[in-house]
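Structure file run15.txt with compact mmCIF, C-alpha atoms:
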# COMPACT_ATOMS: atom_id res chain seq x y z
CA MET U 146 0.00 0.00 0.00
CA LYS U 147 2.89 2.26 0.83
CA LYS U 148 4.55 1.69 -2.55
CA GLU U 149 1.36 2.50 -4.39
CA GLU U 150 1.07 5.82 -2.57
CA GLU U 151 4.68 6.69 -3.43
CA PHE U 152 4.04 5.82 -7.08
CA ILE U 153 0.98 8.09 -7.20
CA ILE U 154 2.98 10.94 -5.66
CA VAL U 155 5.70 10.54 -8.33
CA LEU U 156 3.09 10.61 -11.10
CA ILE U 157 1.56 13.79 -9.71
CA ARG U 158 4.97 15.46 -9.57
CA GLU U 159 5.76 14.48 -13.16
CA ALA U 160 2.39 15.79 -14.34
CA GLY U 161 3.07 19.06 -12.52
CA LYS U 162 6.41 19.41 -14.27
CA GLU U 163 4.77 18.86 -17.65
CA ASP U 164 2.04 21.42 -16.88
CA HIS U 165 4.66 23.88 -15.73
CA GLY U 166 6.64 23.30 -18.94
CA GLU U 167 3.55 23.80 -21.03
CA MET U 168 2.79 26.98 -19.11
CA LEU U 169 6.29 28.34 -19.70
CA LYS U 170 6.03 27.48 -23.41
CA SER U 171 2.64 29.21 -23.66
CA SER U 172 3.97 32.29 -21.83
CA LYS U 173 6.92 32.49 -24.23
CA GLU U 174 4.58 32.34 -27.22
CA VAL U 175 2.38 35.12 -25.81
CA ALA U 176 5.41 37.28 -25.02
CA THR U 177 6.86 36.69 -28.52
CA SER U 178 3.53 37.60 -30.11
CA LEU U 179 3.20 40.79 -28.05
CA GLN U 180 6.83 41.73 -28.75
CA GLY U 181 6.17 41.44 -32.47
CA MET U 182 3.09 43.64 -32.13
CA LEU U 183 5.09 46.24 -30.18
CA GLU U 184 7.83 46.27 -32.81
CA ARG U 185 5.28 46.78 -35.58
CA LEU U 186 3.80 49.87 -33.89
CA THR U 187 4.40 53.05 -35.86
CA PRO U 188 4.90 56.46 -34.18
CA LEU U 189 1.70 58.48 -33.76
CA SER U 190 1.46 61.55 -35.96
CA THR U 191 1.39 64.96 -34.30
CA THR U 192 -0.11 66.52 -37.45
CA CYS U 193 -3.30 64.44 -37.76
CA CYS U 194 -6.33 66.58 -38.55
CA ILE U 195 -8.72 64.28 -40.46
CA TYR U 196 -10.72 61.97 -38.21
CA ARG U 197 -13.30 59.26 -38.35
CA VAL U 198 -16.36 60.59 -36.53
CA PRO U 199 -16.62 59.03 -33.03
CA GLN U 200 -19.28 56.34 -32.79
CA LYS U 201 -21.12 58.18 -30.01
CA LEU U 202 -21.75 61.08 -32.43
CA ARG U 203 -22.33 58.97 -35.52
CA LYS U 204 -25.09 56.85 -33.98
CA VAL U 205 -27.25 59.94 -33.38
CA ASN U 206 -27.49 60.57 -37.14
CA MET U 207 -25.32 58.37 -39.37
CA GLU U 208 -26.53 59.93 -42.63
CA ALA U 209 -25.20 63.36 -41.62
CA TYR U 210 -21.59 62.08 -41.73
CA THR U 211 -21.84 59.78 -44.74
CA PRO U 212 -21.08 60.81 -48.37
CA ARG U 213 -23.98 60.60 -50.80
CA VAL U 214 -22.31 60.62 -54.22
CA VAL U 215 -18.51 60.98 -53.99
CA SER U 216 -15.69 59.70 -51.79
CA ILE U 217 -12.79 62.03 -51.07
CA GLY U 218 -9.72 60.51 -49.45
CA PRO U 219 -9.26 57.00 -48.03
CA LEU U 220 -11.96 56.69 -45.35
CA HIS U 221 -14.82 56.04 -47.80
CA HIS U 222 -12.75 54.97 -50.81
CA ARG U 223 -14.39 52.35 -53.02
CA LYS U 224 -17.63 52.25 -51.03
CA ARG U 225 -20.20 50.54 -53.24
CA HIS U 226 -22.73 53.38 -53.42
CA LEU U 227 -19.98 55.86 -54.41
CA VAL U 228 -18.28 53.90 -57.20
CA ALA U 229 -20.37 55.54 -59.96
CA MET U 230 -18.48 58.81 -59.46
CA GLU U 231 -15.06 57.25 -60.13
CA GLU U 232 -15.43 57.60 -63.92
CA HIS U 233 -16.32 61.30 -63.53
CA LYS U 234 -13.20 61.74 -61.42
CA LEU U 235 -11.04 60.37 -64.24
CA ARG U 236 -12.64 62.77 -66.73
CA TYR U 237 -11.89 65.65 -64.37
CA LEU U 238 -8.29 64.42 -64.05
CA GLN U 239 -8.10 64.55 -67.84
CA ASN U 240 -9.39 68.14 -67.79
CA PHE U 241 -6.85 69.06 -65.11
CA LEU U 242 -3.93 67.65 -67.10
CA SER U 243 -4.99 69.63 -70.17
CA LYS U 244 -4.46 72.85 -68.15
CA SER U 245 -1.41 71.74 -66.20
CA SER U 246 2.20 72.66 -66.80
CA LYS U 247 3.20 69.11 -65.82
CA THR U 248 2.74 65.70 -67.39
CA LEU U 249 0.80 62.94 -65.64
CA GLU U 250 4.04 61.22 -64.64
CA GLU U 251 5.42 64.45 -63.16
CA CYS U 252 2.19 64.97 -61.19
CA VAL U 253 2.50 61.45 -59.77
CA GLU U 254 6.10 62.13 -58.73
CA ILE U 255 5.12 65.39 -57.01
CA ILE U 256 2.33 63.70 -55.03
CA SER U 257 4.58 60.75 -54.18
CA ARG U 258 7.00 63.10 -52.45
CA GLU U 259 4.13 64.25 -50.20
CA GLU U 260 2.81 60.75 -49.40
CA LYS U 261 4.26 60.50 -45.87
CA ARG U 262 3.03 63.97 -44.92
CA ALA U 263 -0.41 63.22 -46.35
CA ARG U 264 -0.73 59.90 -44.49
CA ASP U 265 0.19 61.66 -41.24
CA CYS U 266 -2.86 63.91 -41.63
CA TYR U 267 -5.21 60.97 -40.97
CA MET U 268 -5.77 59.85 -37.40
CA GLU U 269 -5.99 56.16 -38.26
CA ARG U 270 -3.52 54.08 -40.20
CA ILE U 271 -4.37 53.91 -43.91
CA ASN U 272 -4.13 50.30 -45.12
CA MET U 273 -3.36 51.08 -48.73
CA SER U 274 -0.21 50.45 -50.76
CA SER U 275 1.89 53.41 -51.80
CA LYS U 276 0.67 53.02 -55.39
CA GLU U 277 -3.01 52.92 -54.37
CA PHE U 278 -2.67 55.85 -51.98
CA VAL U 279 -0.87 58.16 -54.41
CA GLU U 280 -3.30 57.29 -57.22
CA MET U 281 -6.30 58.02 -54.99
CA ILE U 282 -4.85 61.33 -53.73
CA LEU U 283 -4.05 62.54 -57.25
CA VAL U 284 -7.43 61.59 -58.72
CA ASP U 285 -9.47 62.96 -55.79
CA GLY U 286 -7.37 66.14 -55.51
CA CYS U 287 -7.67 66.99 -59.19
CA PHE U 288 -11.41 66.28 -58.99
CA ILE U 289 -11.84 68.80 -56.16
CA ILE U 290 -9.88 71.50 -57.98
CA GLU U 291 -11.82 70.97 -61.19
CA VAL U 292 -15.14 71.13 -59.30
CA ILE U 293 -14.16 74.44 -57.68
CA LEU U 294 -12.86 75.89 -60.96
CA GLY U 295 -15.95 74.59 -62.75
CA PHE U 296 -18.15 76.43 -60.27
CA TRP U 297 -16.17 79.62 -60.90
CA ASN U 298 -16.41 79.20 -64.70
CA ARG U 299 -19.77 77.41 -64.85
CA ARG U 300 -21.07 79.64 -67.66
CA THR U 301 -18.31 78.39 -69.95
CA GLY U 302 -18.52 74.75 -68.87
CA LYS U 303 -18.76 71.80 -71.22
CA PRO U 304 -22.28 70.80 -72.31
CA ASP U 305 -21.54 67.14 -71.54
CA ASP U 306 -20.44 67.81 -67.96
CA ARG U 307 -22.36 65.37 -65.77
CA ILE U 308 -21.91 67.32 -62.52
CA PHE U 309 -22.76 70.89 -63.45
CA ASN U 310 -25.39 69.98 -66.02
CA LYS U 311 -27.23 67.90 -63.45
CA PRO U 312 -28.09 70.53 -60.79
CA TRP U 313 -28.78 68.03 -58.02
CA LEU U 314 -25.34 66.46 -58.47
CA ILE U 315 -23.24 69.56 -57.79
CA PHE U 316 -25.25 70.26 -54.64
CA ASP U 317 -24.60 66.74 -53.34
CA VAL U 318 -20.93 66.92 -54.35
CA ARG U 319 -20.49 70.18 -52.46
CA ARG U 320 -22.30 68.74 -49.44
CA ASP U 321 -19.98 65.70 -49.48
CA MET U 322 -16.94 68.01 -49.58
CA THR U 323 -17.94 69.42 -46.16
CA LEU U 324 -17.89 66.04 -44.35
CA LEU U 325 -15.11 65.48 -41.82
CA GLU U 326 -14.42 61.93 -43.02
CA ASN U 327 -14.32 63.08 -46.65
CA GLN U 328 -11.33 65.42 -46.65
CA LEU U 329 -7.95 65.82 -48.30
CA PRO U 330 -5.23 67.90 -46.63
CA PHE U 331 -5.39 71.50 -47.84
CA PHE U 332 -1.66 71.57 -48.60
CA LEU U 333 -2.14 68.78 -51.18
CA LEU U 334 -4.87 70.71 -52.97
CA LEU U 335 -2.64 73.78 -52.95
CA THR U 336 0.23 71.72 -54.40
CA LEU U 337 -1.95 70.56 -57.28
CA TYR U 338 -3.48 74.00 -57.82
CA SER U 339 0.00 75.48 -58.24
CA LEU U 340 0.59 73.14 -61.21
CA LEU U 341 -2.10 74.83 -63.32
CA GLU U 342 -1.08 77.20 -66.10
CA VAL U 343 -4.51 78.62 -66.96
CA MET U 344 -5.92 80.13 -63.78
CA ALA U 345 -9.59 80.78 -63.12
CA VAL U 346 -8.78 84.02 -61.30
CA PRO U 347 -5.79 86.38 -61.54
CA ARG U 348 -2.92 85.25 -59.35
CA HIS U 349 -2.40 87.14 -56.17
CA GLN U 350 0.94 87.33 -54.36
CA ASN U 351 0.83 83.54 -53.95
CA ASP U 352 -1.28 80.50 -54.83
CA TYR U 353 -2.41 80.02 -51.23
CA TYR U 354 -4.53 83.20 -51.17
CA SER U 355 -5.77 82.63 -54.72
CA PHE U 356 -7.02 79.11 -53.99
CA LEU U 357 -8.39 80.24 -50.64
CA LEU U 358 -10.49 82.88 -52.38
CA LEU U 359 -11.89 80.30 -54.81
CA SER U 360 -12.72 77.94 -51.95
CA VAL U 361 -14.51 80.61 -49.93
CA LYS U 362 -16.58 81.59 -52.98
CA PHE U 363 -17.42 77.94 -53.64
CA PHE U 364 -18.75 77.29 -50.13
CA LYS U 365 -20.24 80.74 -49.46
CA TYR U 366 -23.90 80.04 -50.22
CA TYR U 367 -23.78 76.53 -48.80
CA SER U 368 -22.50 77.60 -45.39
CA GLN U 369 -23.74 81.22 -45.19
CA MET U 370 -20.19 82.57 -45.12
CA PRO U 371 -19.82 86.32 -45.24
CA GLU U 372 -18.99 87.62 -48.71
CA ALA U 373 -15.26 87.56 -49.49
CA ARG U 374 -15.24 90.32 -52.10
CA SER U 375 -11.47 90.58 -52.59
CA CYS U 376 -8.20 88.80 -52.04
CA GLU U 377 -7.51 91.24 -49.21
CA GLU U 378 -10.53 90.01 -47.27
CA THR U 379 -9.51 86.43 -47.94
CA ILE U 380 -6.02 87.19 -46.64
CA LYS U 381 -7.60 88.35 -43.40
CA ILE U 382 -9.29 84.96 -43.14
CA ALA U 383 -5.96 83.24 -43.80
CA LYS U 384 -4.19 85.34 -41.19
CA LYS U 385 -6.93 84.56 -38.69
CA ALA U 386 -6.31 80.86 -39.33
CA SER U 387 -2.57 81.41 -39.00
CA SER U 388 -3.03 83.07 -35.63
CA THR U 389 -5.02 80.12 -34.32
CA ASP U 390 -3.59 76.98 -35.90
CA LYS U 391 -0.73 77.92 -38.27
CA GLU U 392 -2.56 77.04 -41.51
CA ILE U 393 -5.86 75.81 -42.90
CA LYS U 394 -5.93 72.03 -42.51
CA HIS U 395 -8.86 71.21 -44.81
CA PHE U 396 -12.27 72.49 -45.93
CA VAL U 397 -14.03 71.71 -42.64
CA GLU U 398 -11.61 73.93 -40.75
CA LEU U 399 -11.94 76.61 -43.44
CA LEU U 400 -15.71 76.70 -42.83
CA ILE U 401 -15.14 77.13 -39.10
CA VAL U 402 -12.51 79.86 -39.55
CA CYS U 403 -14.82 81.82 -41.86
CA GLN U 404 -17.56 81.80 -39.22
CA GLN U 405 -15.35 82.71 -36.29
CA PRO U 406 -16.28 85.94 -34.53
CA SER U 407 -14.52 89.13 -35.57
CA SER U 408 -12.82 89.24 -32.16
CA LEU U 409 -11.15 86.03 -31.04
CA THR U 410 -10.34 87.45 -27.62
CA ARG U 411 -12.26 85.50 -25.02
CA PRO U 412 -13.36 87.52 -22.01
CA PRO U 413 -12.31 85.98 -18.67
CA LYS U 414 -14.98 83.65 -17.31
CA PRO U 415 -16.55 85.15 -14.17
CA SER U 416 -16.29 83.16 -10.97
CA ASP U 417 -20.08 82.99 -10.65
CA PHE U 418 -20.57 81.97 -14.28
CA LYS U 419 -23.70 79.92 -15.07
CA PHE U 420 -24.07 77.99 -18.32
CA MET U 421 -27.85 78.04 -18.16
CA ILE U 422 -29.84 81.04 -19.38
CA PRO U 423 -33.60 81.64 -19.81
CA THR U 424 -35.19 80.70 -23.12
CA ALA U 425 -35.96 83.23 -25.85
CA THR U 426 -39.58 83.45 -24.70
CA GLN U 427 -38.57 84.00 -21.09
CA LEU U 428 -35.99 86.62 -22.06
CA HIS U 429 -38.55 88.39 -24.25
CA GLU U 430 -41.06 88.43 -21.40
CA ALA U 431 -38.32 89.72 -19.08
CA GLY U 432 -37.81 92.71 -21.35
CA VAL U 433 -34.77 91.60 -23.38
CA ARG U 434 -35.03 92.97 -26.94
CA PHE U 435 -33.88 90.73 -29.77
CA GLU U 436 -32.37 92.47 -32.79
CA LEU U 437 -31.13 91.17 -36.14
CA GLY U 438 -27.40 91.56 -36.78
CA SER U 439 -26.10 93.24 -39.94
CA LYS U 440 -25.95 91.29 -43.19
CA ASN U 441 -22.16 91.12 -43.39
CA GLU U 442 -21.60 89.92 -39.83
CA ARG U 443 -20.29 86.43 -39.24
CA LEU U 444 -22.59 83.87 -37.69
CA LEU U 445 -20.85 84.07 -34.33
CA ASP U 446 -20.82 87.88 -34.08
CA ILE U 447 -23.43 87.88 -31.31
CA ASP U 448 -23.53 91.03 -29.21
CA TYR U 449 -25.28 91.86 -25.94
CA ARG U 450 -25.72 95.35 -24.56
CA ARG U 451 -26.29 95.96 -20.87
CA SER U 452 -29.45 97.87 -21.73
CA GLY U 453 -31.06 94.51 -22.51
CA VAL U 454 -30.50 94.21 -26.29
CA LEU U 455 -29.34 90.87 -27.75
CA LYS U 456 -28.13 91.19 -31.34
CA ILE U 457 -27.85 87.96 -33.36
CA PRO U 458 -26.93 87.56 -37.08
CA LYS U 459 -29.45 85.84 -39.36
CA LEU U 460 -29.33 82.05 -39.55
CA LYS U 461 -30.92 80.37 -42.55
CA LEU U 462 -31.92 76.80 -41.70
CA GLU U 463 -32.30 74.32 -44.55
CA ASP U 464 -32.18 70.53 -44.95
CA ARG U 465 -28.38 70.66 -45.31
CA SER U 466 -27.87 72.63 -42.09
CA GLU U 467 -27.84 69.63 -39.74
CA SER U 468 -25.13 67.78 -41.68
CA LEU U 469 -23.00 70.92 -41.90
CA PHE U 470 -23.25 71.75 -38.19
CA ARG U 471 -22.69 68.15 -37.12
CA ASN U 472 -19.45 67.85 -39.08
CA LEU U 473 -18.10 71.19 -37.87
CA ILE U 474 -18.91 70.16 -34.29
CA ALA U 475 -17.33 66.72 -34.82
CA PHE U 476 -14.05 68.34 -35.92
CA GLU U 477 -14.05 70.60 -32.87
CA GLN U 478 -14.69 67.57 -30.65
CA CYS U 479 -11.81 65.60 -32.20
CA HIS U 480 -9.17 68.26 -32.87
CA ASP U 481 -7.32 70.21 -30.22
CA ARG U 482 -8.13 73.76 -31.31
CA LYS U 483 -7.92 76.88 -29.18
CA GLY U 484 -11.67 77.47 -29.31
CA HIS U 485 -14.81 75.42 -29.92
CA TYR U 486 -16.66 78.31 -31.54
CA ILE U 487 -19.34 76.35 -33.42
CA THR U 488 -20.05 74.12 -30.41
CA ASP U 489 -20.37 77.22 -28.20
CA TYR U 490 -22.71 78.87 -30.72
CA ILE U 491 -25.00 75.82 -30.90
CA PHE U 492 -24.96 75.55 -27.11
CA LEU U 493 -26.13 79.18 -26.80
CA MET U 494 -28.87 78.68 -29.41
CA ASP U 495 -29.95 75.45 -27.70
CA GLN U 496 -30.35 77.42 -24.46
CA LEU U 497 -32.49 80.01 -26.24
CA ILE U 498 -34.66 77.42 -28.01
CA ASN U 499 -36.60 74.94 -25.93
CA THR U 500 -40.08 75.03 -27.48
CA THR U 501 -41.72 76.21 -30.69
CA LYS U 502 -42.67 79.45 -28.91
CA ASP U 503 -38.98 80.27 -28.61
CA VAL U 504 -38.56 79.69 -32.34
CA ASP U 505 -41.54 82.00 -32.96
CA VAL U 506 -39.74 84.82 -31.13
CA LEU U 507 -36.55 84.43 -33.20
CA VAL U 508 -38.40 83.97 -36.49
CA HIS U 509 -40.53 87.05 -35.80
CA LYS U 510 -37.37 89.10 -35.26
CA GLY U 511 -35.83 87.80 -38.51
CA ILE U 512 -32.98 86.04 -36.69
CA ILE U 513 -34.00 82.57 -37.92
CA ASP U 514 -35.01 82.08 -41.53
CA ASN U 515 -36.83 78.75 -41.33
CA TRP U 516 -36.80 76.62 -44.49
CA LEU U 517 -37.23 73.34 -42.62
CA GLY U 518 -41.02 73.37 -42.84
CA ASP U 519 -42.20 74.08 -39.30
CA ASN U 520 -40.90 75.30 -35.95
CA VAL U 521 -40.94 71.80 -34.48
CA ALA U 522 -38.12 70.83 -36.86
CA VAL U 523 -36.05 73.82 -35.71
CA THR U 524 -36.62 72.95 -32.05
CA ASN U 525 -35.63 69.32 -32.61
CA LEU U 526 -32.53 70.38 -34.56
CA PHE U 527 -31.03 72.53 -31.82
CA ASN U 528 -32.11 70.21 -29.01
CA LYS U 529 -30.28 67.23 -30.60
CA LEU U 530 -27.14 68.69 -32.21
CA LEU U 531 -25.04 68.48 -29.04
CA ILE U 532 -26.07 65.00 -27.89
CA ASN U 533 -22.95 63.12 -26.67
CA THR U 534 -20.65 66.13 -27.11
CA VAL U 535 -18.36 67.73 -24.55
CA SER U 536 -18.36 71.50 -23.93
CA GLY U 537 -15.05 73.26 -23.42
CA SER U 538 -14.21 75.09 -20.21
CA ASP U 539 -13.54 78.34 -22.10
CA PHE U 540 -17.09 79.10 -23.25
CA TYR U 541 -16.85 81.97 -25.75
CA PHE U 542 -20.23 83.52 -24.89
CA ALA U 543 -19.70 83.49 -21.12
CA ASP U 544 -20.01 87.29 -20.83
CA ILE U 545 -23.28 87.24 -22.81
CA THR U 546 -24.86 84.54 -20.63
CA LYS U 547 -23.70 86.40 -17.51
CA GLY U 548 -25.23 89.66 -18.78
CA LEU U 549 -28.54 88.00 -19.65
CA ASN U 550 -28.80 86.32 -16.25
CA GLU U 551 -28.00 89.58 -14.45
CA TYR U 552 -30.66 91.40 -16.48
CA CYS U 553 -33.32 88.82 -15.66
CA ASP U 554 -32.32 88.69 -11.97
CA SER U 555 -32.67 92.48 -11.54
CA PRO U 556 -35.81 93.30 -9.42
CA TRP U 557 -36.41 96.47 -11.45
CA ASN U 558 -36.32 94.57 -14.73
CA ARG U 559 -38.58 91.84 -13.30
CA TRP U 560 -41.09 94.49 -12.19
CA LYS U 561 -41.08 96.10 -15.63
CA ALA U 562 -41.47 92.69 -17.26
CA GLY U 563 -44.42 91.83 -15.02
CA LEU U 564 -46.07 95.15 -15.80
CA ARG U 565 -45.58 94.63 -19.51
CA HIS U 566 -46.81 91.04 -19.37
CA ASP U 567 -49.90 91.73 -17.26
CA TYR U 568 -51.06 95.07 -18.63
CA PHE U 569 -49.38 95.68 -22.02
CA CYS U 570 -49.12 92.22 -23.61
CA SER U 571 -51.29 93.35 -26.57
CA PRO U 572 -52.43 96.66 -28.11
CA TRP U 573 -55.97 96.14 -26.76
CA ARG U 574 -54.73 95.28 -23.27
CA GLY U 575 -52.42 98.30 -23.34
CA ALA U 576 -55.21 100.63 -24.50
CA SER U 577 -57.52 99.28 -21.80
CA THR U 578 -54.84 99.81 -19.16
CA ILE U 579 -54.19 103.39 -20.27
CA ALA U 580 -57.92 104.12 -20.38
CA ALA U 581 -58.33 102.70 -16.86
CA VAL U 582 -55.46 104.85 -15.58
CA ILE U 583 -56.92 107.97 -17.20
CA LEU U 584 -60.34 107.16 -15.75
CA LEU U 585 -58.79 106.68 -12.31
CA LEU U 586 -56.96 110.01 -12.56
CA LEU U 587 -60.12 111.81 -13.66
CA THR U 588 -62.07 110.25 -10.79
CA LEU U 589 -59.35 111.31 -8.36
CA ILE U 590 -59.32 114.86 -9.72
CA GLN U 591 -63.13 115.02 -9.55
CA THR U 592 -63.04 113.84 -5.94
CA ILE U 593 -60.45 116.48 -5.03
CA PHE U 594 -62.44 119.29 -6.66
CA SER U 595 -65.66 118.04 -5.05
CA GLY U 596 -63.97 118.16 -1.66
CA MET U 597 -62.68 121.65 -2.31
CA SER U 598 -66.13 122.90 -3.35
CA VAL U 599 -67.74 121.55 -0.16
CA LYS U 600 -65.22 123.52 1.86
How does this structure look as structure tokens?
Amino acid sequence: MKKEEEFIIVLIREAGKEDHGEMLKSSKEVATSLQGMLERLTPLSTTCCIYRVPQKLRKVNMEAYTPRVVSIGPLHHRKRHLVAMEEHKLRYLQNFLSKSSKTLEECVEIISREEKRARDCYMERINMSSKEFVEMILVDGCFIIEVILGFWNRRTGKPDDRIFNKPWLIFDVRRDMTLLENQLPFFLLLTLYSLLEVMAVPRHQNDYYSFLLLSVKFFKYYSQMPEARSCEETIKIAKKASSTDKEIKHFVELLIVCQQPSSLTRPPKPSDFKFMIPTATQLHEAGVRFELGSKNERLLDIDYRRSGVLKIPKLKLEDRSESLFRNLIAFEQCHDRKGHYITDYIFLMDQLINTTKDVDVLVHKGIIDNWLGDNVAVTNLFNKLLINTVSGSDFYFADITKGLNEYCDSPWNRWKAGLRHDYFCSPWRGASTIAAVILLLLTLIQTIFSGMSVK
């Protein structure tokens, strides 16, 4: 019996050694695999500026971030529903080469030299060969330039042009060019633009300002940008971009820069700052007067005067507005910029608009030009745009919200608002109130004179 027990103990020890050996072997394999993965890691780019929209934003409205007719860049390349545009891209490449000072081979060489810099502009690794990537960049870049030049010279365009002779197509193409996931680096477009011999507009002091002017003109009516009437005004836009982020990264950032307020200086946030403000209806009832900003003011040039006047530039809301705002906000959420101006603007408007009555106030004052159909659509738009977003700590409109809250908290202003609401809310109510006051005064005077006559 004793020998059997000893034999069993030996077997257990041997099995333990085998298990331990297997464990060591397995650990070595895991370590080797992980080491290989670590060695294959590439350094993260510090210049990335084109992002895939975070899932938490995308799931709120997927269509707003998805191209309809054309893919630009690698993130939607070769998607099935966008393949039909690839032939049009090649025709536009052919048009570009007919105006270029370089041959096709020379253009490929020029883009190849910028491949590493271009790849670094995308947040995620692009799983395309060098040949595929350069080909895509060249074709897509030339397509964009030809679309912008075609818009500038649309009266002299070719009769067989499938984009400009089909009105719906150019609108969808332009819309797709404003999507965050559908961008090419601006420096690549500028590189290609500089290869053209026949220019659509006279050259300025450099190609950067010339192409910038064309781009602003192209997007002006789509995004309600202020009119850029000259190269000088465009240079101001470029310098504004330079002061904030060195250079324009792509079209999405260009749209944000063009809407930035005239003054980028952010007032210091007060210690008792409150994000929340009354709605437009509540402010109106409290005596705040809404006024329409001037035509040439940028969207974010909102001004508040201590006398209780809130001045807001006109905002035209159309079907395309949601997609535009969502992509501008997505870029601000992903990219480390000095200010989240569009996010702050939408946050302020969301505070003002809570019900259709609030929309009525802003529509009546001409601040909102509603092309969405009804005021419910406007309310839903502003109440949903910032779902799953993060607001920055340096809220640009902090001084405006502070001023509005102080105005509404003033006892004198509350008393005036109550008087206006109770006795002067309509012309008939106001006339009745005035008549009652006059009648009261006459009665009082009559009583006084009656008393005097008795004496």
Box in all listed atoms of segment 492-501 of chain U, axis-aligned, with 5 Å more on each side; write out centre and edge lengths in Å to one decimal as AutoDock Vina command-line options.
--center_x -33.3 --center_y 77.5 --center_z -27.6 --size_x 26.8 --size_y 15.1 --size_z 16.2
**Study point:** Which of U:Met273, U:Ile293, U:Met322, U:Ile217 sits closest to Phe309 of chain U [using all atoms listed in the file]
**Key:**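 Residue with the minimum atom-to-atom distance to Phe309 of chain U: U:Ile293.
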Check your understanding: Which protein, DNA or RNA residues have an atom at most 6 Å from (-1.0, 75.1, -63.3), counting only C-alpha atoms? List them as an MDAnalysis selection string.
Key -> chainID U and resid 245:246 339:342
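Going from atom CA of Lys362 of chain U over to atom CA of Val292 of chain U, you cover 12.3 Å.
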Revision key, fill the gap. Of U:Gly548, U:Pro212, U:Pro423, U:Gly484, the one nearest to Gln405 of chain U when counting only C-alpha atoms is U:Gly484
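Interatomic distance, atom CA of Leu325 of chain U against atom CA of Phe476 of chain U: 6.6 Å.
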Point to revise | Atom pair atom CA of Gly218 of chain U / atom CA of Asp285 of chain U: separation (Å) | key: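 Interatomic distance, atom CA of Gly218 of chain U to atom CA of Asp285 of chain U: 6.8 Å.
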For segment 518-522 of chain U, supply all heavy atoms and report the output as a compact mmCIF listing (two decimals), keeping the file's coordinate frame.
# COMPACT_ATOMS: atom_id res chain seq x y z
N GLY U 518 -39.61 73.77 -42.76
CA GLY U 518 -41.02 73.37 -42.84
C GLY U 518 -41.84 73.89 -41.69
O GLY U 518 -42.83 74.58 -41.88
N ASP U 519 -41.45 73.58 -40.46
CA ASP U 519 -42.20 74.08 -39.30
C ASP U 519 -41.23 74.31 -38.14
O ASP U 519 -40.07 73.92 -38.18
CB ASP U 519 -43.33 73.13 -38.90
CG ASP U 519 -42.82 71.72 -38.58
OD1 ASP U 519 -41.69 71.60 -38.06
OD2 ASP U 519 -43.54 70.76 -38.85
N ASN U 520 -41.74 74.95 -37.09
CA ASN U 520 -40.90 75.30 -35.95
C ASN U 520 -40.53 74.10 -35.10
O ASN U 520 -39.56 74.15 -34.34
CB ASN U 520 -41.60 76.36 -35.10
CG ASN U 520 -41.66 77.71 -35.81
OD1 ASN U 520 -41.00 77.91 -36.83
ND2 ASN U 520 -42.44 78.63 -35.28
N VAL U 521 -41.29 73.01 -35.21
CA VAL U 521 -40.94 71.80 -34.48
C VAL U 521 -39.60 71.26 -34.97
O VAL U 521 -38.76 70.81 -34.17
CB VAL U 521 -42.04 70.72 -34.66
CG1 VAL U 521 -41.62 69.41 -34.00
CG2 VAL U 521 -43.36 71.21 -34.07
N ALA U 522 -39.38 71.31 -36.29
CA ALA U 522 -38.12 70.83 -36.86
C ALA U 522 -36.93 71.65 -36.36
O ALA U 522 -35.86 71.11 -36.08
CB ALA U 522 -38.19 70.89 -38.38
